[in-house]
$ cat coords25.cif   # mmCIF, C-alpha atoms
data_entry
loop_
_atom_site.label_atom_id
_atom_site.label_comp_id
_atom_site.auth_asym_id
_atom_site.auth_seq_id
_atom_site.Cartn_x
_atom_site.Cartn_y
_atom_site.Cartn_z
CA MET L 1 -153.79 -90.52 63.51
CA THR L 2 -153.75 -94.18 64.52
CA ILE L 3 -154.74 -95.39 61.07
CA LEU L 4 -151.99 -93.23 59.54
CA PHE L 5 -149.42 -94.77 61.88
CA LEU L 6 -150.62 -98.29 61.06
CA ILE L 7 -150.43 -97.67 57.30
CA THR L 8 -146.91 -96.28 57.70
CA ALA L 9 -145.85 -99.23 59.85
CA VAL L 10 -147.17 -101.73 57.31
CA VAL L 11 -145.34 -99.90 54.48
CA ILE L 12 -142.07 -99.86 56.44
CA LEU L 13 -142.16 -103.49 57.57
CA ALA L 14 -143.43 -104.96 54.27
CA SER L 15 -140.80 -103.06 52.27
CA ALA L 16 -138.11 -104.10 54.76
CA MET L 17 -139.13 -107.76 54.34
CA MET L 18 -138.86 -107.35 50.56
CA VAL L 19 -135.39 -105.76 50.99
CA VAL L 20 -134.03 -108.80 52.81
CA THR L 21 -135.79 -111.46 50.71
CA SER L 22 -135.92 -110.26 47.10
CA ARG L 23 -133.32 -111.97 44.91
CA ASN L 24 -132.83 -109.16 42.42
CA LEU L 25 -130.59 -106.60 44.12
CA VAL L 26 -131.95 -103.66 42.12
CA HIS L 27 -135.41 -104.56 43.40
CA ALA L 28 -134.03 -104.82 46.92
CA ALA L 29 -132.53 -101.33 46.63
CA LEU L 30 -135.83 -99.93 45.33
CA TRP L 31 -137.73 -101.57 48.20
CA LEU L 32 -135.20 -99.91 50.53
CA VAL L 33 -136.28 -96.57 49.03
CA ALA L 34 -139.91 -97.42 49.88
CA SER L 35 -138.96 -98.37 53.43
CA LEU L 36 -136.92 -95.18 53.91
CA PHE L 37 -139.83 -93.13 52.59
CA GLY L 38 -142.08 -94.76 55.19
CA VAL L 39 -139.60 -93.77 57.90
CA ALA L 40 -139.72 -90.18 56.57
CA MET L 41 -143.54 -90.30 56.90
CA LEU L 42 -143.08 -91.45 60.50
CA TYR L 43 -140.79 -88.48 61.23
CA ALA L 44 -143.42 -86.13 59.81
CA GLN L 45 -146.02 -87.66 62.14
CA LEU L 46 -143.64 -87.11 65.08
CA ASN L 47 -143.39 -83.33 64.34
CA ALA L 48 -139.75 -83.78 63.29
CA SER L 49 -140.06 -81.90 59.98
CA PHE L 50 -136.33 -81.34 59.51
CA MET L 51 -135.62 -85.04 60.05
CA ALA L 52 -138.26 -85.96 57.45
CA VAL L 53 -136.66 -83.69 54.83
CA VAL L 54 -133.14 -84.87 55.65
CA GLN L 55 -134.32 -88.48 55.42
CA VAL L 56 -135.60 -87.90 51.89
CA VAL L 57 -132.61 -85.84 50.74
CA VAL L 58 -129.75 -87.78 52.35
CA TYR L 59 -131.05 -91.33 52.55
CA ILE L 60 -133.20 -91.59 49.44
CA GLY L 61 -131.38 -88.98 47.38
CA ALA L 62 -127.82 -90.03 48.17
CA ILE L 63 -127.45 -93.34 49.97
CA ALA L 64 -130.06 -95.35 48.05
CA ILE L 65 -128.78 -94.01 44.72
CA LEU L 66 -125.25 -94.95 45.78
CA PHE L 67 -126.51 -98.49 46.45
CA ILE L 68 -128.08 -98.72 43.00
CA PHE L 69 -124.81 -97.52 41.41
CA ALA L 70 -122.85 -100.11 43.38
CA VAL L 71 -125.25 -102.87 42.31
CA MET L 72 -124.84 -101.89 38.67
CA LEU L 73 -121.02 -101.70 38.95
CA THR L 74 -120.61 -105.14 40.52
CA ARG L 75 -122.44 -107.61 38.36
CA ARG L 76 -121.57 -109.63 35.33
CA GLU L 77 -125.06 -110.86 34.50
CA ILE L 78 -128.29 -108.96 34.92
CA ARG L 79 -129.60 -111.51 37.39
CA ASP L 80 -127.61 -113.22 40.11
CA LYS L 81 -127.35 -116.95 39.90
CA GLY L 82 -127.79 -119.09 42.99
CA PRO L 83 -129.91 -118.48 46.06
CA GLY L 84 -130.19 -115.03 47.59
CA LEU L 85 -129.82 -116.39 51.12
CA ASN L 86 -126.94 -118.43 52.49
CA LYS L 87 -127.36 -121.89 53.99
CA ASN L 88 -127.56 -120.57 57.57
CA TRP L 89 -130.70 -118.54 56.96
CA GLY L 90 -132.75 -120.68 59.37
CA ILE L 91 -130.38 -119.88 62.24
CA ALA L 92 -130.40 -116.23 61.14
CA ALA L 93 -134.21 -116.14 61.25
CA LEU L 94 -134.15 -117.75 64.71
CA VAL L 95 -131.61 -115.19 65.99
CA SER L 96 -133.68 -112.31 64.58
CA LEU L 97 -136.89 -113.60 66.16
CA LEU L 98 -135.10 -114.07 69.50
CA THR L 99 -133.74 -110.51 69.25
CA PHE L 100 -137.23 -109.17 68.58
CA GLY L 101 -138.73 -111.20 71.44
CA GLY L 102 -135.96 -110.17 73.80
CA LEU L 103 -136.38 -106.49 72.91
CA ALA L 104 -140.16 -106.73 73.32
CA VAL L 105 -139.89 -108.36 76.76
CA LEU L 106 -137.19 -105.92 77.85
CA LEU L 107 -139.24 -102.91 76.72
CA SER L 108 -142.54 -104.14 78.19
CA ASN L 109 -140.89 -104.37 81.62
CA TRP L 110 -139.83 -100.72 81.41
CA SER L 111 -142.10 -98.36 83.37
CA GLY L 112 -142.31 -95.71 80.63
CA PHE L 113 -143.27 -98.22 77.94
CA SER L 114 -146.83 -97.06 77.21
CA GLN L 115 -146.54 -93.46 78.29
CA PRO L 116 -148.54 -90.92 76.28
CA SER L 117 -146.89 -88.22 74.22
CA ALA L 118 -145.64 -85.06 75.89
CA ASP L 119 -147.54 -81.95 74.81
CA PHE L 120 -145.90 -80.25 71.87
CA PRO L 121 -145.46 -76.61 72.99
CA SER L 122 -147.55 -74.37 70.76
CA GLY L 123 -145.45 -72.02 68.69
CA PHE L 124 -142.25 -73.93 69.51
CA ASP L 125 -139.76 -73.69 66.62
CA ALA L 126 -138.23 -77.17 66.62
CA VAL L 127 -136.06 -76.56 63.53
CA GLY L 128 -134.66 -73.35 64.99
CA ALA L 129 -133.97 -75.03 68.31
CA LEU L 130 -132.21 -77.87 66.48
CA GLY L 131 -130.06 -75.41 64.56
CA ASN L 132 -129.15 -73.58 67.75
CA ALA L 133 -128.31 -76.85 69.48
CA LEU L 134 -126.00 -77.90 66.62
CA VAL L 135 -123.85 -74.73 66.68
CA SER L 136 -124.10 -73.58 70.28
CA PRO L 137 -120.89 -74.06 72.32
CA ASP L 138 -123.07 -74.99 75.30
CA ALA L 139 -124.69 -77.82 73.39
CA PHE L 140 -123.43 -80.00 70.54
CA VAL L 141 -120.95 -78.00 68.46
CA LEU L 142 -118.06 -80.38 69.22
CA PRO L 143 -119.87 -83.64 68.27
CA PHE L 144 -121.21 -81.89 65.18
CA GLU L 145 -117.72 -80.86 64.02
CA VAL L 146 -116.32 -84.31 64.82
CA ALA L 147 -119.09 -85.83 62.69
CA SER L 148 -118.16 -83.53 59.77
CA ILE L 149 -114.49 -84.51 60.05
CA LEU L 150 -115.51 -88.18 60.15
CA LEU L 151 -117.59 -87.74 57.00
CA VAL L 152 -114.78 -85.97 55.10
CA ALA L 153 -112.22 -88.59 56.19
CA ALA L 154 -114.56 -91.43 55.21
CA LEU L 155 -115.28 -89.96 51.78
CA VAL L 156 -111.56 -89.36 51.08
CA GLY L 157 -110.91 -92.94 52.20
CA ALA L 158 -113.70 -94.22 49.97
CA VAL L 159 -112.23 -92.45 46.94
CA TYR L 160 -108.79 -93.87 47.75
CA ILE L 161 -110.11 -97.43 48.20
CA ALA L 162 -112.24 -97.44 45.05
CA TYR L 163 -109.55 -95.73 42.90
CA ASN L 164 -108.04 -98.06 40.34
CA PRO L 165 -104.38 -97.12 39.66
CA ARG L 166 -104.35 -99.16 36.44
CA SER L 167 -107.35 -97.36 34.93
CA GLY L 168 -105.26 -94.22 34.32
CA ASP L 169 -103.33 -95.90 31.50
CA ASN L 170 -106.46 -96.48 29.42
CA ARG L 171 -107.06 -92.79 28.86
CA LYS L 172 -104.06 -92.24 26.57
CA MET Y 1 -152.65 -90.28 70.59
CA ILE Y 2 -150.43 -93.27 69.93
CA PRO Y 3 -148.48 -94.48 72.97
CA LEU Y 4 -144.69 -94.64 72.83
CA SER Y 5 -144.76 -98.45 72.86
CA TRP Y 6 -146.01 -98.70 69.27
CA TYR Y 7 -142.98 -96.82 67.97
CA LEU Y 8 -140.63 -98.92 70.09
CA ILE Y 9 -142.15 -102.20 68.86
CA LEU Y 10 -142.06 -101.01 65.22
CA SER Y 11 -138.42 -100.07 65.55
CA ALA Y 12 -137.58 -103.39 67.24
CA ALA Y 13 -139.27 -105.24 64.36
CA LEU Y 14 -137.39 -103.17 61.75
CA PHE Y 15 -134.11 -103.81 63.60
CA SER Y 16 -134.78 -107.57 63.63
CA ILE Y 17 -135.57 -107.62 59.90
CA GLY Y 18 -132.32 -105.74 59.23
CA LEU Y 19 -130.44 -108.21 61.44
CA PHE Y 20 -131.89 -111.10 59.45
CA GLY Y 21 -130.71 -109.43 56.23
CA VAL Y 22 -127.19 -108.97 57.61
CA LEU Y 23 -126.96 -112.58 58.79
CA ALA Y 24 -128.68 -114.39 55.93
CA ARG Y 25 -127.87 -112.60 52.65
CA ARG Y 26 -125.05 -113.84 50.44
CA ASN Y 27 -124.35 -110.65 48.52
CA ALA Y 28 -122.16 -108.08 50.30
CA ILE Y 29 -124.28 -105.17 49.02
CA ALA Y 30 -127.43 -106.83 50.41
CA ILE Y 31 -125.68 -107.08 53.79
CA LEU Y 32 -125.10 -103.31 53.68
CA LEU Y 33 -128.81 -102.82 52.86
CA GLY Y 34 -129.62 -104.71 56.08
CA VAL Y 35 -127.27 -102.43 58.02
CA GLU Y 36 -129.15 -99.41 56.66
CA LEU Y 37 -132.45 -100.86 57.93
CA MET Y 38 -130.92 -101.33 61.39
CA LEU Y 39 -129.63 -97.74 61.48
CA ASN Y 40 -133.10 -96.49 60.51
CA ALA Y 41 -134.66 -98.45 63.36
CA VAL Y 42 -132.27 -96.70 65.75
CA ASN Y 43 -133.22 -93.31 64.32
CA ILE Y 44 -136.96 -94.00 64.74
CA ASN Y 45 -136.29 -94.75 68.41
CA LEU Y 46 -134.26 -91.56 68.92
CA VAL Y 47 -136.86 -89.29 67.30
CA ALA Y 48 -139.75 -91.00 69.13
CA PHE Y 49 -138.00 -90.50 72.48
CA TRP Y 50 -137.35 -86.84 71.63
CA ARG Y 51 -141.06 -86.31 70.87
CA TYR Y 52 -142.47 -88.29 73.80
CA LEU Y 53 -140.16 -87.25 76.66
CA ASP Y 54 -139.45 -83.52 76.24
CA PRO Y 55 -139.64 -81.86 72.79
CA THR Y 56 -137.80 -78.73 73.99
CA VAL Y 57 -134.59 -80.73 74.63
CA MET Y 58 -133.07 -81.40 71.19
CA THR Y 59 -130.64 -84.17 72.20
CA GLY Y 60 -132.59 -86.93 70.44
CA GLN Y 61 -132.71 -85.16 67.08
CA VAL Y 62 -129.05 -84.11 67.27
CA PHE Y 63 -128.08 -87.72 67.96
CA ALA Y 64 -130.21 -88.88 65.02
CA ILE Y 65 -128.46 -86.37 62.71
CA ILE Y 66 -125.06 -87.69 63.82
CA VAL Y 67 -126.35 -91.20 63.03
CA PHE Y 68 -127.17 -89.89 59.52
CA ALA Y 69 -123.58 -88.69 59.08
CA VAL Y 70 -122.14 -91.96 60.35
CA ALA Y 71 -124.49 -93.95 58.07
CA ALA Y 72 -123.35 -91.95 55.04
CA ALA Y 73 -119.70 -92.52 55.97
CA GLU Y 74 -120.33 -96.23 56.53
CA VAL Y 75 -122.08 -96.74 53.22
CA ALA Y 76 -119.44 -94.79 51.27
CA VAL Y 77 -116.54 -96.82 52.69
CA GLY Y 78 -118.50 -100.09 52.51
CA LEU Y 79 -119.47 -99.70 48.87
CA ALA Y 80 -115.93 -98.58 47.96
CA LEU Y 81 -114.63 -101.79 49.58
CA VAL Y 82 -117.20 -103.87 47.69
CA ILE Y 83 -116.23 -102.29 44.36
CA SER Y 84 -112.53 -102.77 45.11
CA VAL Y 85 -113.10 -106.42 46.07
CA TYR Y 86 -115.16 -106.97 42.92
CA ARG Y 87 -112.36 -105.55 40.79
CA ASN Y 88 -109.82 -107.95 42.30
CA ARG Y 89 -111.89 -111.10 42.89
CA LYS Y 90 -114.79 -110.76 40.39
CA THR Y 91 -117.32 -111.66 43.08
CA VAL Y 92 -119.33 -109.90 45.76
CA VAL Y 93 -120.66 -113.06 47.45
CA ALA Y 94 -119.55 -112.88 51.09
CA ASP Y 95 -119.02 -116.67 51.36
CA GLU Y 96 -116.41 -116.65 48.61
CA LEU Y 97 -114.34 -113.84 50.14
CA ASP Y 98 -112.27 -116.09 52.38
CA MET Y 99 -108.68 -115.03 51.70
CA MET Y 100 -108.23 -114.00 55.35
CA LYS Y 101 -109.57 -117.34 56.63
CA TRP Y 102 -107.01 -119.83 57.95
#

$ encode --input "coords25.cif" --output "structure tokens"
Amino acid sequence: MTILFLITAVVILASAMMVVTSRNLVHAALWLVASLFGVAMLYAQLNASFMAVVQVVVYIGAIAILFIFAVMLTRREIRDKGPGLNKNWGIAALVSLLTFGGLAVLLSNWSGFSQPSADFPSGFDAVGALGNALVSPDAFVLPFEVASILLVAALVGAVYIAYNPRSGDNRK
Amino acid sequence: MIPLSWYLILSAALFSIGLFGVLARRNAIAILLGVELMLNAVNINLVAFWRYLDPTVMTGQVFAIIVFAVAAAEVAVGLALVISVYRNRKTVVADELDMMKW
């Protein structure tokens, strides 16, 4: 169990480092897929089976593919010229390290920091309970519906923003 | 069994790597990739808290699913903006997009 967690953590963090440092954006997007897959493995280890499947379907199947499409639509040459990082990358690295140190100190002072896992109730149907929680009026039906409206509005907005009014003339 | 702290430290490290990507990359699409890493770090935290505190209360997983929806909305609008900017300015380097700078 521990060795599985460590392998997953190494996969996630190494792929994430490649995402932020690799100069070729297609490679960066593919490393993002590897990192997201590691997160899905982590969800499976945490007994969150539905989250693991949704991670693969939504993040890898939709979002990462959308990134690769955007990379291919926005480049003139195959390879970007110039450095991948801007000139303030040293300050950015310092800020990130300070954030990590601050979070680590903050968390280690919390009393529940190293608490063991709660017992997973045997025979407990987590996916069914999640489905009930999402549609039950006593639980989260309102945030769930608001999230759907947000998603529809954002996708309509995305189509409107990316639509090119001049491209219609070329079809004649 | 692994203590909760390992998940929290992993997610803090992933968040910091994503923050570095947002602050240091020149390409606007690479900045959005960093944002995705940060959102995933948040989701790891939410699911780990759900599992370690009380698995019969589904609040953590519901919150993580709403984060999924918001991430999909964010990436759709963000990439549409990048494509629109590329069509008008022929660049996606964030340093060169300074028409609103005075």

$ residues_around --input "coords25.cif" --residues "Ala44 in chain L" --least-positions-apart "5" --cutoff "12 Å" --atoms "only C-alpha atoms" --output "PDB file with C-alpha atoms, keeping the file's coordinate frame"
ATOM      1  CA  MET L   1    -153.790 -90.520  63.510  1.00  0.00           C
ATOM      2  CA  LEU L   4    -151.990 -93.230  59.540  1.00  0.00           C
ATOM      3  CA  PHE L   5    -149.420 -94.770  61.880  1.00  0.00           C
ATOM      4  CA  THR L   8    -146.910 -96.280  57.700  1.00  0.00           C
ATOM      5  CA  PHE L  37    -139.830 -93.130  52.590  1.00  0.00           C
ATOM      6  CA  GLY L  38    -142.080 -94.760  55.190  1.00  0.00           C
ATOM      7  CA  VAL L  39    -139.600 -93.770  57.900  1.00  0.00           C
ATOM      8  CA  SER L  49    -140.060 -81.900  59.980  1.00  0.00           C
ATOM      9  CA  PHE L  50    -136.330 -81.340  59.510  1.00  0.00           C
ATOM     10  CA  MET L  51    -135.620 -85.040  60.050  1.00  0.00           C
ATOM     11  CA  ALA L  52    -138.260 -85.960  57.450  1.00  0.00           C
ATOM     12  CA  VAL L  53    -136.660 -83.690  54.830  1.00  0.00           C
ATOM     13  CA  VAL L  54    -133.140 -84.870  55.650  1.00  0.00           C
ATOM     14  CA  GLN L  55    -134.320 -88.480  55.420  1.00  0.00           C
ATOM     15  CA  VAL L  56    -135.600 -87.900  51.890  1.00  0.00           C
TER      16      VAL L  56
ATOM     17  CA  ILE Y  44    -136.960 -94.000  64.740  1.00  0.00           C
ATOM     18  CA  VAL Y  47    -136.860 -89.290  67.300  1.00  0.00           C
ATOM     19  CA  ALA Y  48    -139.750 -91.000  69.130  1.00  0.00           C
ATOM     20  CA  ARG Y  51    -141.060 -86.310  70.870  1.00  0.00           C
TER      21      ARG Y  51
END

$ resolve_selection --input "coords25.cif" --expression "the PyMOL selection byres ((chain L) within 7 of (chain Y))" --output "count of residues only"
41

$ atom_distance --input "coords25.cif" --atom1 "CA of Leu36 in chain L" --atom2 "CA of Ile12 in chain L"
7.4 Å

$ axis_aligned_box --input "coords25.cif" --around "range 36-53 of chain Y" --padding-each-side "3 Å" --output "JSON"
{"center_x": -135.8, "center_y": -93.8, "center_z": 66.7, "size_x": 19.3, "size_y": 21.0, "size_z": 26.0}

$ closest_residue --input "coords25.cif" --among "L:Ser35, L:Ser22, L:Asn47, L:Ser15" --to "Val127 in chain L" --atoms "all atoms listed in the file"
L:Asn47

$ atom_distance --input "coords25.cif" --atom1 "CA of Val33 in chain L" --atom2 "CA of Ala64 in chain L"
6.4 Å

$ atom_distance --input "coords25.cif" --atom1 "CA of Ser122 in chain L" --atom2 "CA of Ala48 in chain L"
14.3 Å

$ closest_residue --input "coords25.cif" --among "L:Leu94, L:Ala29, L:Val152, L:Leu42" --to "Leu66 in chain L" --atoms "all atoms listed in the file"
L:Ala29

$ build_atoms --input "coords25.cif" --residues "range 22-47 of chain Y" --atoms "N, CA and C atoms" --output "compact mmCIF listing (two decimals), keeping the file's coordinate frame"
# COMPACT_ATOMS: atom_id res chain seq x y z
N VAL Y 22 -128.65 -108.95 57.44
CA VAL Y 22 -127.19 -108.97 57.61
C VAL Y 22 -126.70 -110.40 57.76
N LEU Y 23 -127.45 -111.23 58.51
CA LEU Y 23 -126.96 -112.58 58.79
C LEU Y 23 -127.20 -113.54 57.63
N ALA Y 24 -128.27 -113.33 56.85
CA ALA Y 24 -128.68 -114.39 55.93
C ALA Y 24 -128.34 -114.11 54.48
N ARG Y 25 -128.07 -112.84 54.08
CA ARG Y 25 -127.87 -112.60 52.65
C ARG Y 25 -126.48 -113.02 52.22
N ARG Y 26 -126.34 -113.43 50.96
CA ARG Y 26 -125.05 -113.84 50.44
C ARG Y 26 -124.29 -112.67 49.82
N ASN Y 27 -125.01 -111.74 49.23
CA ASN Y 27 -124.35 -110.65 48.52
C ASN Y 27 -123.91 -109.57 49.51
N ALA Y 28 -122.69 -109.06 49.35
CA ALA Y 28 -122.16 -108.08 50.30
C ALA Y 28 -122.96 -106.79 50.26
N ILE Y 29 -123.47 -106.39 49.09
CA ILE Y 29 -124.28 -105.17 49.02
C ILE Y 29 -125.60 -105.36 49.76
N ALA Y 30 -126.18 -106.56 49.68
CA ALA Y 30 -127.43 -106.83 50.41
C ALA Y 30 -127.20 -106.78 51.92
N ILE Y 31 -126.00 -107.19 52.36
CA ILE Y 31 -125.68 -107.08 53.79
C ILE Y 31 -125.67 -105.61 54.21
N LEU Y 32 -125.10 -104.74 53.35
CA LEU Y 32 -125.10 -103.31 53.68
C LEU Y 32 -126.52 -102.74 53.69
N LEU Y 33 -127.41 -103.27 52.82
CA LEU Y 33 -128.81 -102.82 52.86
C LEU Y 33 -129.43 -103.16 54.22
N GLY Y 34 -129.12 -104.35 54.76
CA GLY Y 34 -129.62 -104.71 56.08
C GLY Y 34 -129.11 -103.78 57.17
N VAL Y 35 -127.82 -103.38 57.05
CA VAL Y 35 -127.27 -102.43 58.02
C VAL Y 35 -128.02 -101.11 57.99
N GLU Y 36 -128.38 -100.66 56.76
CA GLU Y 36 -129.15 -99.41 56.66
C GLU Y 36 -130.49 -99.52 57.37
N LEU Y 37 -131.17 -100.68 57.24
CA LEU Y 37 -132.45 -100.86 57.93
C LEU Y 37 -132.26 -100.77 59.44
N MET Y 38 -131.16 -101.37 59.95
CA MET Y 38 -130.92 -101.33 61.39
C MET Y 38 -130.68 -99.91 61.87
N LEU Y 39 -129.90 -99.12 61.08
CA LEU Y 39 -129.63 -97.74 61.48
C LEU Y 39 -130.92 -96.91 61.48
N ASN Y 40 -131.83 -97.22 60.53
CA ASN Y 40 -133.10 -96.49 60.51
C ASN Y 40 -133.95 -96.82 61.71
N ALA Y 41 -133.91 -98.08 62.16
CA ALA Y 41 -134.66 -98.45 63.36
C ALA Y 41 -134.16 -97.65 64.56
N VAL Y 42 -132.83 -97.49 64.66
CA VAL Y 42 -132.27 -96.70 65.75
C VAL Y 42 -132.76 -95.26 65.69
N ASN Y 43 -132.80 -94.70 64.47
CA ASN Y 43 -133.22 -93.31 64.32
C ASN Y 43 -134.69 -93.13 64.69
N ILE Y 44 -135.55 -94.10 64.35
CA ILE Y 44 -136.96 -94.00 64.74
C ILE Y 44 -137.06 -93.92 66.26
N ASN Y 45 -136.28 -94.78 66.95
CA ASN Y 45 -136.29 -94.75 68.41
C ASN Y 45 -135.87 -93.39 68.94
N LEU Y 46 -134.78 -92.83 68.40
CA LEU Y 46 -134.26 -91.56 68.92
C LEU Y 46 -135.28 -90.44 68.74
N VAL Y 47 -135.90 -90.37 67.54
CA VAL Y 47 -136.86 -89.29 67.30
C VAL Y 47 -138.11 -89.49 68.14
